[in-house]
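Quick notes on the structure that follows.
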Amino acid sequence: MIHYLIVFLISMVPLIELRGAIPYGLSFGLDPLFTYALAIVGNCLPVPVILFFVKRVLLFMQRCRVRFFNRVANWVIEKAQKGFQKVQKYAALGLYLFVAIPLPGTGAWTGALIAAMFDMKKRYAFLSIFLGVLTAGVIMSLITGGILGGLSFLL
């Protein structure tokens, strides 16, 4: 039971997200479908909060007198700008593809950050991110299942 909680929590961690949660769960022999669903829910849970509040928080941090906050805010904004260049041409479809490709730094957190910083319509952004997370979850499940299945002879 604790491993399911860990899957849920890992899926909410920026940069790791479900790309780490699904392999973790499957490596412990957890039910693949439940692991997938739990990772999806955990990964999507922070998205509305990011969409509605991150821009205000980052702008506050940029104006703050604490240099550490300035640096963090500037780093996050630069990351969003780099991601936006990849997404900009295709808008919602671009955001979906950006989130769906299971590479580090292309998940729901970064997708929501991009959408918030560049004022994408929230309902389209959430739908694109959600569909991207579903797709990334399928890809990670298939990759992890294939790797674990291929290594089962060692067990």
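Letters A, B, ... mark the chains of the structure tokens in the order given; residue numbers begin at 1 per chain; ligand numbers begin at 1, in order shown.
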
* Selection: 9 Å around segment 101-110 of chain A, only C-alpha atoms, excl. self and same-chain fewer than 3 positions, as JSON, numbers by chain -> {"A": [12, 13, 14, 15, 16, 17, 18, 19, 43, 44, 46, 47, 50, 79, 80, 83, 96, 97, 98, 113, 114, 115, 129, 130, 132, 133, 135, 136, 137, 139, 140]}

Selection export as a CSV table (one decimal), in the first residue's frame, atoms kept: C-alpha atoms:
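Generated file (result28.csv):
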```csv
chain,number,residue,atom,x,y,z
A,12,MET,CA,3.6,15.3,-8.3
A,13,VAL,CA,7.3,16.1,-8.1
A,14,PRO,CA,8.5,18.6,-10.8
A,15,LEU,CA,10.8,17.1,-13.5
A,16,ILE,CA,10.3,13.6,-12.2
A,17,GLU,CA,6.5,13.4,-12.5
A,18,LEU,CA,4.9,10.2,-13.9
A,19,ARG,CA,8.1,9.5,-15.9
A,43,ASN,CA,0.7,14.5,-12.1
A,44,CYS,CA,-2.4,16.5,-13.1
A,46,PRO,CA,-0.8,20.6,-9.5
A,47,VAL,CA,-1.7,21.8,-13.0
A,50,ILE,CA,0.1,26.4,-11.6
A,79,LYS,CA,12.7,27.7,-18.9
A,80,ALA,CA,9.2,28.7,-19.9
A,83,GLY,CA,9.6,25.7,-24.0
A,96,TYR,CA,0.0,18.5,-26.0
A,97,LEU,CA,3.0,17.2,-27.9
A,98,PHE,CA,5.4,19.0,-25.6
A,113,LEU,CA,4.2,27.0,-16.6
A,114,ILE,CA,4.4,27.7,-20.3
A,115,ALA,CA,0.6,28.0,-20.7
A,129,ILE,CA,-1.7,19.0,-20.7
A,130,PHE,CA,-4.1,16.3,-19.5
A,132,GLY,CA,-0.3,14.9,-23.0
A,133,VAL,CA,0.0,13.4,-19.5
A,135,THR,CA,-0.1,9.9,-23.6
A,136,ALA,CA,3.2,10.1,-21.7
A,137,GLY,CA,1.8,7.7,-19.2
A,139,ILE,CA,4.5,5.5,-23.4
A,140,MET,CA,6.2,5.2,-20.0
```

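Distance-wise, atom CA of Ala112 of chain A and atom CA of Val54 of chain A end up 8.9 Å apart.
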
* helix (DSSP H, G or I) positions in chain A, given as an MDAnalysis selection string -> chainID A and resid 2:10 17:27 32:44 47:63 67:100 108:117 122:150 152:154

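The spacing separating atom CA of Gly94 of chain A from atom CA of Val7 of chain A amounts to 27.5 Å.
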
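Atom CA of Pro48 of chain A is positioned 21.0 Å from atom CA of Val72 of chain A.
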
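Counting only C-alpha atoms, Leu33 of chain A has the following residues at most 12 Å away, ignoring those fewer than 4 positions along the same chain: Tyr4, Ile22, Gly25, Leu26, Gly29, Ala37, Leu38, Ala39, Ile40, Gly137, Val138, Ser141, Leu142 and Gly145 of chain A.
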
* Which residue out of A:Leu134, A:Ile143, A:Met1, A:Val66 has the minimum interatomic distance to Tyr36 of chain A when only C-alpha atoms are used? -> A:Leu134

* Using only C-alpha atoms, which residue out of A:Cys64, A:Leu5, A:Leu59, A:Leu51 lies closest to Ala125 of chain A? -> A:Leu51

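Restricting the calculation to only C-alpha atoms, the smallest distance between Ser27 of chain A and any of A:Ile77, A:Phe69, A:His3, A:Lys55 is found for A:His3.
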
* Name the residues in contact with Leu95 of chain A at a cut-off of 7 Å, using only C-alpha atoms, excluding same-chain residues fewer than 4 positions from it; report them as a VMD selection string. => chain A and resid 87 91 99 111 128 to 129

Next, the residues of the selection above should be written as a PDB file, in the first residue's frame with C-alpha atoms.
```
ATOM      1  CA  VAL A  87       4.974  25.180 -28.455  1.00  0.00           C
ATOM      2  CA  ALA A  91      -0.601  26.360 -29.625  1.00  0.00           C
ATOM      3  CA  VAL A  99       3.880  17.291 -22.530  1.00  0.00           C
ATOM      4  CA  GLY A 111       3.578  22.688 -19.798  1.00  0.00           C
ATOM      5  CA  SER A 128      -3.789  19.739 -23.814  1.00  0.00           C
ATOM      6  CA  ILE A 129      -1.750  19.029 -20.688  1.00  0.00           C
TER       7      ILE A 129
END
```
